[in-house]
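File shown: my_file01.cif (mmCIF, C-alpha atoms).
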data_work
#
loop_
_atom_site.label_atom_id
_atom_site.label_comp_id
_atom_site.auth_asym_id
_atom_site.auth_seq_id
_atom_site.Cartn_x
_atom_site.Cartn_y
_atom_site.Cartn_z
CA MET A 56 39.73 64.98 182.42
CA ALA A 57 38.84 64.10 178.84
CA ARG A 58 41.36 65.09 176.20
CA PRO A 59 40.19 67.52 173.52
CA LYS A 60 39.55 66.00 170.10
CA LEU A 61 40.36 67.18 166.62
CA VAL A 62 38.77 65.53 163.60
CA VAL A 63 41.03 65.59 160.54
CA ASP A 64 40.70 64.30 156.99
CA LYS A 65 43.28 62.79 154.70
CA ARG A 66 44.89 65.31 152.38
CA THR A 67 45.64 64.73 148.71
CA VAL A 68 46.74 68.28 147.93
CA THR A 69 50.46 68.90 148.45
CA GLY A 70 53.16 71.37 147.46
CA ARG A 71 52.19 74.86 146.36
CA LYS A 72 48.59 73.82 145.80
CA VAL A 73 48.00 73.85 149.58
CA LYS A 74 47.43 77.61 149.16
CA ASN A 75 44.02 76.71 147.79
CA LEU A 76 43.21 74.82 151.02
CA ARG A 77 44.11 77.85 153.11
CA ARG A 78 41.81 80.04 151.03
CA GLU A 79 39.00 77.62 151.93
CA GLY A 80 39.74 77.98 155.65
CA LEU A 81 41.56 74.67 155.93
CA LEU A 82 44.92 74.04 157.58
CA PRO A 83 47.39 71.52 156.09
CA VAL A 84 48.90 69.27 158.78
CA ASN A 85 51.06 66.16 159.06
CA LEU A 86 51.00 63.27 161.53
CA TYR A 87 54.22 61.47 162.36
CA GLY A 88 55.67 59.34 165.14
CA GLN A 89 57.40 56.09 165.98
CA ALA A 90 55.97 52.95 164.41
CA ILE A 91 53.59 54.90 162.16
CA LYS A 92 53.84 56.14 158.63
CA SER A 93 53.72 59.91 158.13
CA GLN A 94 50.31 61.07 156.89
CA ALA A 95 49.24 64.25 155.11
CA LEU A 96 46.03 65.57 156.69
CA GLN A 97 43.85 68.68 156.85
CA LEU A 98 41.40 70.27 159.27
CA GLY A 99 39.50 73.48 159.88
CA TYR A 100 41.78 76.41 160.75
CA GLN A 101 39.51 77.72 163.50
CA ASP A 102 39.01 74.20 164.90
CA PHE A 103 42.75 73.94 165.45
CA LEU A 104 43.02 77.39 167.05
CA SER A 105 40.22 76.70 169.55
CA VAL A 106 41.94 73.52 170.77
CA PHE A 107 45.50 74.84 170.66
CA GLU A 108 44.57 77.79 172.89
CA LYS A 109 43.73 75.24 175.60
CA THR A 110 46.52 72.71 175.14
CA GLY A 111 49.54 74.60 173.91
CA GLU A 112 52.49 72.43 172.89
CA SER A 113 52.45 70.23 175.99
CA GLY A 114 48.77 69.25 176.15
CA LEU A 115 47.59 65.94 174.72
CA ILE A 116 45.08 65.91 171.87
CA ASP A 117 43.12 63.00 170.46
CA LEU A 118 43.50 63.22 166.69
CA VAL A 119 40.62 61.41 164.99
CA ILE A 120 41.18 60.61 161.32
CA GLY A 121 38.04 60.99 159.20
CA LYS A 122 35.86 58.02 158.42
CA THR A 123 38.26 55.51 159.97
CA LYS A 124 37.54 56.98 163.42
CA THR A 125 41.00 55.88 164.53
CA SER A 126 42.29 58.01 167.38
CA HIS A 127 45.91 59.01 167.94
CA PRO A 128 47.23 60.67 171.14
CA VAL A 129 49.37 63.53 169.84
CA LEU A 130 51.28 66.63 170.86
CA VAL A 131 51.58 69.72 168.70
CA GLY A 132 55.04 69.70 167.14
CA ASP A 133 56.44 72.19 164.66
CA ILE A 134 54.27 75.14 163.65
CA GLN A 135 55.01 77.18 160.54
CA VAL A 136 53.88 80.80 160.76
CA ASP A 137 53.70 83.48 158.08
CA PRO A 138 56.32 86.09 159.11
CA VAL A 139 54.19 88.95 157.80
CA THR A 140 50.64 88.05 158.90
CA ASP A 141 51.51 85.73 161.85
CA LYS A 142 48.94 83.32 160.46
CA ILE A 143 49.63 79.60 160.93
CA LEU A 144 50.55 77.93 157.64
CA HIS A 145 51.25 74.33 158.65
CA VAL A 146 51.29 72.12 161.76
CA ASP A 147 53.01 68.83 162.60
CA PHE A 148 51.34 66.50 165.10
CA ARG A 149 53.62 64.07 166.94
CA GLN A 150 52.07 60.81 168.06
CA VAL A 151 53.29 59.70 171.52
CA ASP A 152 53.31 56.49 173.50
CA LEU A 153 51.36 57.11 176.71
CA ALA A 154 53.58 54.62 178.55
CA LYS A 155 56.85 56.32 177.61
CA LYS A 156 58.30 59.63 178.79
CA THR A 157 58.69 62.42 176.29
CA GLN A 158 60.27 65.86 176.26
CA VAL A 159 58.64 69.20 175.46
CA SER A 160 59.33 72.88 176.07
CA VAL A 161 56.91 74.68 178.38
CA PRO A 162 56.63 78.40 179.16
CA ILE A 163 57.72 79.88 182.50
CA GLU A 164 55.25 82.30 184.09
CA LEU A 165 56.29 84.80 186.77
CA VAL A 166 53.86 84.96 189.71
CA GLY A 167 53.71 87.26 192.72
CA GLU A 168 55.28 90.69 193.06
CA ALA A 169 58.98 91.49 193.35
CA PRO A 170 59.39 93.98 196.26
CA GLY A 171 62.57 95.41 194.75
CA ALA A 172 60.78 96.20 191.49
CA GLU A 173 57.67 97.57 193.21
CA SER A 174 59.79 100.04 195.22
CA GLY A 175 61.56 101.22 192.09
CA GLU A 176 64.94 100.10 193.38
CA GLY A 177 65.44 97.62 190.55
CA ILE A 178 64.01 96.29 187.30
CA LEU A 179 62.60 92.76 187.03
CA ILE A 180 64.23 90.80 184.19
CA GLN A 181 63.26 87.33 182.89
CA PRO A 182 66.17 85.87 180.85
CA LEU A 183 64.56 82.41 180.54
CA LEU A 184 61.08 82.32 178.97
CA GLU A 185 60.63 78.58 178.49
CA ILE A 186 62.24 75.37 179.65
CA GLU A 187 62.40 71.75 178.50
CA VAL A 188 60.86 69.10 180.75
CA GLU A 189 60.49 65.34 180.58
CA ALA A 190 57.52 63.31 181.80
CA LEU A 191 54.87 60.83 180.75
CA PRO A 192 52.61 62.48 178.15
CA GLU A 193 49.65 62.65 180.54
CA GLU A 194 51.76 64.27 183.28
CA LEU A 195 53.33 67.05 181.22
CA PRO A 196 52.69 70.50 182.74
CA ASP A 197 51.32 73.24 180.51
CA HIS A 198 53.65 75.75 182.23
CA LEU A 199 55.95 76.24 185.22
CA GLU A 200 55.67 79.08 187.74
CA ALA A 201 58.44 81.19 189.23
CA ASP A 202 57.53 83.09 192.42
CA VAL A 203 59.32 86.47 192.34
CA SER A 204 58.26 87.61 195.82
CA SER A 205 61.77 86.83 197.12
CA LEU A 206 63.42 89.40 194.84
CA LYS A 207 64.05 92.32 197.20
CA GLU A 208 67.51 93.66 196.42
CA ILE A 209 69.64 94.23 193.33
CA SER A 210 71.27 91.00 192.11
CA ASP A 211 68.67 88.76 193.81
CA VAL A 212 67.92 85.89 191.42
CA ILE A 213 65.64 82.90 190.88
CA ARG A 214 67.36 79.91 189.31
CA VAL A 215 66.10 76.77 187.59
CA ALA A 216 66.78 74.89 190.84
CA ASP A 217 64.14 77.08 192.56
CA LEU A 218 61.33 75.96 190.23
CA LYS A 219 58.86 73.49 191.70
CA VAL A 220 57.50 70.59 189.63
CA ASN A 221 55.20 67.66 190.32
CA ASP A 222 56.54 64.18 190.95
CA GLY A 223 57.39 62.45 187.70
CA VAL A 224 58.40 65.68 185.95
CA VAL A 225 62.10 66.28 185.33
CA ILE A 226 63.56 69.62 184.27
CA MET A 227 66.09 69.15 181.47
CA ALA A 228 68.13 72.31 182.04
CA ASP A 229 71.12 73.58 184.01
CA LYS A 230 70.06 74.05 187.65
CA GLU A 231 72.12 77.26 187.91
CA GLU A 232 70.55 78.95 184.91
CA VAL A 233 68.86 82.24 185.86
CA VAL A 234 65.09 82.43 185.38
CA ALA A 235 64.45 85.91 186.80
CA LYS A 236 66.50 88.61 188.53
CA LEU A 237 66.58 92.20 189.76
CA GLU A 238 68.87 94.58 187.90
CA ALA A 239 69.82 98.15 188.71
CA PRO A 240 68.14 100.75 186.49
CA ALA A 241 70.38 102.01 183.69
CA GLU A 242 71.98 105.32 184.58
CA GLU A 243 71.48 108.18 182.17
CA GLU A 244 74.69 109.32 180.52
CA GLU A 245 75.69 112.89 181.36
CA LYS A 246 75.85 115.14 178.35
CA PRO A 247 79.33 116.69 177.87
CA ALA A 248 79.52 120.41 178.68
CA LEU A 249 79.64 122.63 175.63
CA ALA A 250 83.07 124.21 175.08
CA GLU A 251 83.21 128.01 175.15
CA GLU A 252 83.22 129.44 171.67
CA PRO A 253 86.54 131.17 170.76
CA GLU A 254 86.43 134.91 170.22
CA VAL A 255 86.09 135.65 166.54
CA ILE A 256 87.76 138.70 165.17
CA GLY A 257 85.81 140.04 162.24
CA LYS A 258 86.87 142.19 159.39
CA GLU A 259 86.22 145.41 161.36
CA GLY A 260 88.36 144.16 164.20
CA LYS A 261 91.22 143.41 161.84
CA GLU A 262 91.00 146.89 160.29
CA GLU A 263 91.10 148.58 163.71
CA GLU A 264 94.03 146.41 164.69
CA GLY A 265 95.84 147.43 161.48
CA GLN A 266 95.15 151.11 162.09
CA GLU A 267 96.58 150.90 165.62
CA GLU A 268 99.74 149.28 164.32
CA GLN A 269 100.10 151.97 161.65
CA SER A 270 99.66 154.78 164.19
CA LYS A 271 102.32 153.24 166.41
CA GLU A 272 104.70 153.02 163.46
CA GLY A 273 103.94 156.68 162.59
CA GLN A 274 104.70 157.80 166.14
CA SER A 275 108.02 155.95 166.18
CA GLU A 276 108.99 157.60 162.91
CA THR A 277 108.19 161.21 164.04
CA LYS A 278 110.19 161.12 167.27
CA PRO A 279 113.62 161.05 165.61
CA LYS A 280 112.63 163.97 163.36
CA GLU A 281 111.65 166.09 166.35
CA ALA A 282 114.95 165.37 168.01
CA ALA A 283 116.85 166.33 164.88
CA SER A 284 115.08 169.73 164.64
CA LYS A 285 116.07 170.56 168.22
CA GLU A 286 119.69 169.85 167.47
CA ASP A 287 119.54 172.14 164.43
CA LYS A 288 118.29 174.90 166.63
#
Rewritten as structure tokens:
Amino acid sequence: MARPKLVVDKRTVTGRKVKNLRREGLLPVNLYGQAIKSQALQLGYQDFLSVFEKTGESGLIDLVIGKTKTSHPVLVGDIQVDPVTDKILHVDFRQVDLAKKTQVSVPIELVGEAPGAESGEGILIQPLLEIEVEALPEELPDHLEADVSSLKEISDVIRVADLKVNDGVVIMADKEEVVAKLEAPAEEEEKPALAEEPEVIGKEGKEEEGQEEQSKEGQSETKPKEAASKEDK
């Protein structure tokens, strides 16, 4: 299968002036690699997007430099993105030796259906989204697949060791690292019961209470007087 091509031109604009290139629909890029001198280049923004959507960071691209027509097999390296607009600001292309193995990070895609998640018993979690692999540039996968159809019960997991790769591809990660798993749904916290409000004695209640106390005191005072009058008689 023929590799996609990107035609680039040498770039003389550097520093803050590259903003002018972006306004013209151009993307500033750099080419670097072993045994070559780093070069400042530029290409059409949309041209890059159309190729990158197909190759990602692990697909080979033939980078053709302007009038020289020299072709370089490259991988997309660092990409600078505007944090506000998500628009790509700058790209580094890394030239590779087709006869030597190289390492890249590739995404992990979940395939199939997890029975435990479909039944509602658990929630499917993917802690590991991408993984580093090593292979010859032309044998690099664009992604790895993790089949989740074996996840039936809570705590069932798929580990790095369960991922399948083609011959010549080596996974550069801990074999025991968890790729996907079933977790129990989070339990809702019970709201604490509202405490009963204490009885509030208002002003009227206090007045009535005071009157009762006064009446009791009055009664205790009159009893001795009555007794004294009887004795007089």
Checklist line | Selection near Gln158 of chain A, 10 Å with all atoms listed in the file, sequence-local residues under 3 positions removed, as a count of residues only | finding: 13
Note to self: Starting from the PyMOL selection byres ((chain A and resi 121-132) around 8), expand the selection into actual residues of this file and give them as a VMD selection string.
What the structure shows: chain A and resid 62 to 65 111 to 120 133 to 134 146 to 153
Note to self: Taking 5 positions as the minimum chain separation for residues in the same chain, which residues sit within 12 Å of Val234 of chain A when counting only C-alpha atoms? Answer as a list in words.
What the structure shows: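 My reading of the contact set: Pro162, Ile163, Glu164, Leu165, Leu179, Ile180, Gln181, Pro182, Leu183, Leu184, Glu185, Ile186, Leu199, Glu200, Ala201, Asp202, Val203, Leu206, Asp211, Val212, Ile213, Arg214, Val215, Ala216, Asp217, Leu218, Ala228 and Asp229 of chain A.
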Would you export the selected residues with C-alpha atoms as a PDB file, in the coordinates of the input, please?
ATOM      1  CA  PRO A 162      56.630  78.400 179.160  1.00  0.00           C
ATOM      2  CA  ILE A 163      57.720  79.880 182.500  1.00  0.00           C
ATOM      3  CA  GLU A 164      55.250  82.300 184.090  1.00  0.00           C
ATOM      4  CA  LEU A 165      56.290  84.800 186.770  1.00  0.00           C
ATOM      5  CA  LEU A 179      62.600  92.760 187.030  1.00  0.00           C
ATOM      6  CA  ILE A 180      64.230  90.800 184.190  1.00  0.00           C
ATOM      7  CA  GLN A 181      63.260  87.330 182.890  1.00  0.00           C
ATOM      8  CA  PRO A 182      66.170  85.870 180.850  1.00  0.00           C
ATOM      9  CA  LEU A 183      64.560  82.410 180.540  1.00  0.00           C
ATOM     10  CA  LEU A 184      61.080  82.320 178.970  1.00  0.00           C
ATOM     11  CA  GLU A 185      60.630  78.580 178.490  1.00  0.00           C
ATOM     12  CA  ILE A 186      62.240  75.370 179.650  1.00  0.00           C
ATOM     13  CA  LEU A 199      55.950  76.240 185.220  1.00  0.00           C
ATOM     14  CA  GLU A 200      55.670  79.080 187.740  1.00  0.00           C
ATOM     15  CA  ALA A 201      58.440  81.190 189.230  1.00  0.00           C
ATOM     16  CA  ASP A 202      57.530  83.090 192.420  1.00  0.00           C
ATOM     17  CA  VAL A 203      59.320  86.470 192.340  1.00  0.00           C
ATOM     18  CA  LEU A 206      63.420  89.400 194.840  1.00  0.00           C
ATOM     19  CA  ASP A 211      68.670  88.760 193.810  1.00  0.00           C
ATOM     20  CA  VAL A 212      67.920  85.890 191.420  1.00  0.00           C
ATOM     21  CA  ILE A 213      65.640  82.900 190.880  1.00  0.00           C
ATOM     22  CA  ARG A 214      67.360  79.910 189.310  1.00  0.00           C
ATOM     23  CA  VAL A 215      66.100  76.770 187.590  1.00  0.00           C
ATOM     24  CA  ALA A 216      66.780  74.890 190.840  1.00  0.00           C
ATOM     25  CA  ASP A 217      64.140  77.080 192.560  1.00  0.00           C
ATOM     26  CA  LEU A 218      61.330  75.960 190.230  1.00  0.00           C
ATOM     27  CA  ALA A 228      68.130  72.310 182.040  1.00  0.00           C
ATOM     28  CA  ASP A 229      71.120  73.580 184.010  1.00  0.00           C
TER      29      ASP A 229
END
Note to self: As an exercise, work out the distance from atom CA of Glu176 of chain A to atom CA of Lys236 of chain A in Å and give it to one decimal place.
What the structure shows: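 Pair atom CA of Glu176 of chain A / atom CA of Lys236 of chain A returns 12.6 Å.
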Checklist line | Reference answer for the PyMOL selection byres ((chain A and resi 96) around 7), as a PyMOL selection string | finding: chain A and resi 63-66+83-85+94-95+97
Item checked: Atomic distance atom CA of Asp141 of chain A - atom CA of Thr69 of chain A, expressed in Å with one decimal -> 21.5 Å
Rebuild segment 210-236 of chain A so that it carries N, CA and C atoms, then output the result as a PDB file, keeping the file's coordinate frame.
ATOM      1  N   SER A 210      70.504  92.239 192.290  1.00  0.00           N
ATOM      2  CA  SER A 210      71.270  91.000 192.110  1.00  0.00           C
ATOM      3  C   SER A 210      70.598  89.782 192.746  1.00  0.00           C
ATOM      4  N   ASP A 211      69.425  89.932 193.368  1.00  0.00           N
ATOM      5  CA  ASP A 211      68.670  88.760 193.810  1.00  0.00           C
ATOM      6  C   ASP A 211      68.193  88.008 192.566  1.00  0.00           C
ATOM      7  N   VAL A 212      68.273  86.677 192.597  1.00  0.00           N
ATOM      8  CA  VAL A 212      67.920  85.890 191.420  1.00  0.00           C
ATOM      9  C   VAL A 212      67.055  84.691 191.778  1.00  0.00           C
ATOM     10  N   ILE A 213      66.333  84.184 190.790  1.00  0.00           N
ATOM     11  CA  ILE A 213      65.640  82.900 190.880  1.00  0.00           C
ATOM     12  C   ILE A 213      66.260  82.012 189.818  1.00  0.00           C
ATOM     13  N   ARG A 214      66.708  80.830 190.228  1.00  0.00           N
ATOM     14  CA  ARG A 214      67.360  79.910 189.310  1.00  0.00           C
ATOM     15  C   ARG A 214      66.447  78.737 188.973  1.00  0.00           C
ATOM     16  N   VAL A 215      66.871  77.954 187.987  1.00  0.00           N
ATOM     17  CA  VAL A 215      66.100  76.770 187.590  1.00  0.00           C
ATOM     18  C   VAL A 215      65.883  75.857 188.788  1.00  0.00           C
ATOM     19  N   ALA A 216      66.883  75.761 189.663  1.00  0.00           N
ATOM     20  CA  ALA A 216      66.780  74.890 190.840  1.00  0.00           C
ATOM     21  C   ALA A 216      65.648  75.320 191.773  1.00  0.00           C
ATOM     22  N   ASP A 217      65.206  76.577 191.681  1.00  0.00           N
ATOM     23  CA  ASP A 217      64.140  77.080 192.560  1.00  0.00           C
ATOM     24  C   ASP A 217      62.743  76.755 192.035  1.00  0.00           C
ATOM     25  N   LEU A 218      62.634  76.277 190.797  1.00  0.00           N
ATOM     26  CA  LEU A 218      61.330  75.960 190.230  1.00  0.00           C
ATOM     27  C   LEU A 218      60.782  74.671 190.833  1.00  0.00           C
ATOM     28  N   LYS A 219      59.505  74.663 191.113  1.00  0.00           N
ATOM     29  CA  LYS A 219      58.860  73.490 191.700  1.00  0.00           C
ATOM     30  C   LYS A 219      58.056  72.748 190.621  1.00  0.00           C
ATOM     31  N   VAL A 220      58.230  71.422 190.588  1.00  0.00           N
ATOM     32  CA  VAL A 220      57.500  70.590 189.630  1.00  0.00           C
ATOM     33  C   VAL A 220      56.873  69.413 190.352  1.00  0.00           C
ATOM     34  N   ASN A 221      55.856  68.833 189.742  1.00  0.00           N
ATOM     35  CA  ASN A 221      55.200  67.660 190.320  1.00  0.00           C
ATOM     36  C   ASN A 221      56.094  66.433 190.213  1.00  0.00           C
ATOM     37  N   ASP A 222      55.813  65.444 191.026  1.00  0.00           N
ATOM     38  CA  ASP A 222      56.540  64.180 190.950  1.00  0.00           C
ATOM     39  C   ASP A 222      56.373  63.584 189.560  1.00  0.00           C
ATOM     40  N   GLY A 223      57.450  63.053 189.031  1.00  0.00           N
ATOM     41  CA  GLY A 223      57.390  62.450 187.700  1.00  0.00           C
ATOM     42  C   GLY A 223      57.810  63.407 186.605  1.00  0.00           C
ATOM     43  N   VAL A 224      57.961  64.689 186.938  1.00  0.00           N
ATOM     44  CA  VAL A 224      58.400  65.680 185.950  1.00  0.00           C
ATOM     45  C   VAL A 224      59.852  66.040 186.225  1.00  0.00           C
ATOM     46  N   VAL A 225      60.676  65.977 185.196  1.00  0.00           N
ATOM     47  CA  VAL A 225      62.100  66.280 185.330  1.00  0.00           C
ATOM     48  C   VAL A 225      62.437  67.483 184.451  1.00  0.00           C
ATOM     49  N   ILE A 226      63.137  68.449 185.036  1.00  0.00           N
ATOM     50  CA  ILE A 226      63.560  69.620 184.270  1.00  0.00           C
ATOM     51  C   ILE A 226      64.880  69.299 183.577  1.00  0.00           C
ATOM     52  N   MET A 227      64.913  69.483 182.273  1.00  0.00           N
ATOM     53  CA  MET A 227      66.090  69.150 181.470  1.00  0.00           C
ATOM     54  C   MET A 227      66.910  70.415 181.174  1.00  0.00           C
ATOM     55  N   ALA A 228      67.350  71.086 182.221  1.00  0.00           N
ATOM     56  CA  ALA A 228      68.130  72.310 182.040  1.00  0.00           C
ATOM     57  C   ALA A 228      69.119  72.457 183.186  1.00  0.00           C
ATOM     58  N   ASP A 229      70.110  73.314 182.993  1.00  0.00           N
ATOM     59  CA  ASP A 229      71.120  73.580 184.010  1.00  0.00           C
ATOM     60  C   ASP A 229      70.458  74.186 185.242  1.00  0.00           C
ATOM     61  N   LYS A 230      70.695  73.595 186.413  1.00  0.00           N
ATOM     62  CA  LYS A 230      70.060  74.050 187.650  1.00  0.00           C
ATOM     63  C   LYS A 230      70.457  75.481 188.020  1.00  0.00           C
ATOM     64  N   GLU A 231      71.628  75.926 187.554  1.00  0.00           N
ATOM     65  CA  GLU A 231      72.120  77.260 187.910  1.00  0.00           C
ATOM     66  C   GLU A 231      71.675  78.345 186.935  1.00  0.00           C
ATOM     67  N   GLU A 232      70.989  77.952 185.879  1.00  0.00           N
ATOM     68  CA  GLU A 232      70.550  78.950 184.910  1.00  0.00           C
ATOM     69  C   GLU A 232      69.539  79.906 185.539  1.00  0.00           C
ATOM     70  N   VAL A 233      69.689  81.203 185.240  1.00  0.00           N
ATOM     71  CA  VAL A 233      68.860  82.240 185.860  1.00  0.00           C
ATOM     72  C   VAL A 233      67.516  82.350 185.142  1.00  0.00           C
ATOM     73  N   VAL A 234      66.451  82.291 185.923  1.00  0.00           N
ATOM     74  CA  VAL A 234      65.090  82.430 185.380  1.00  0.00           C
ATOM     75  C   VAL A 234      64.634  83.880 185.452  1.00  0.00           C
ATOM     76  N   ALA A 235      64.852  84.514 186.607  1.00  0.00           N
ATOM     77  CA  ALA A 235      64.450  85.910 186.800  1.00  0.00           C
ATOM     78  C   ALA A 235      65.424  86.568 187.770  1.00  0.00           C
ATOM     79  N   LYS A 236      65.573  87.896 187.646  1.00  0.00           N
ATOM     80  CA  LYS A 236      66.500  88.610 188.530  1.00  0.00           C
ATOM     81  C   LYS A 236      66.140  90.087 188.592  1.00  0.00           C
TER      82      LYS A 236
END
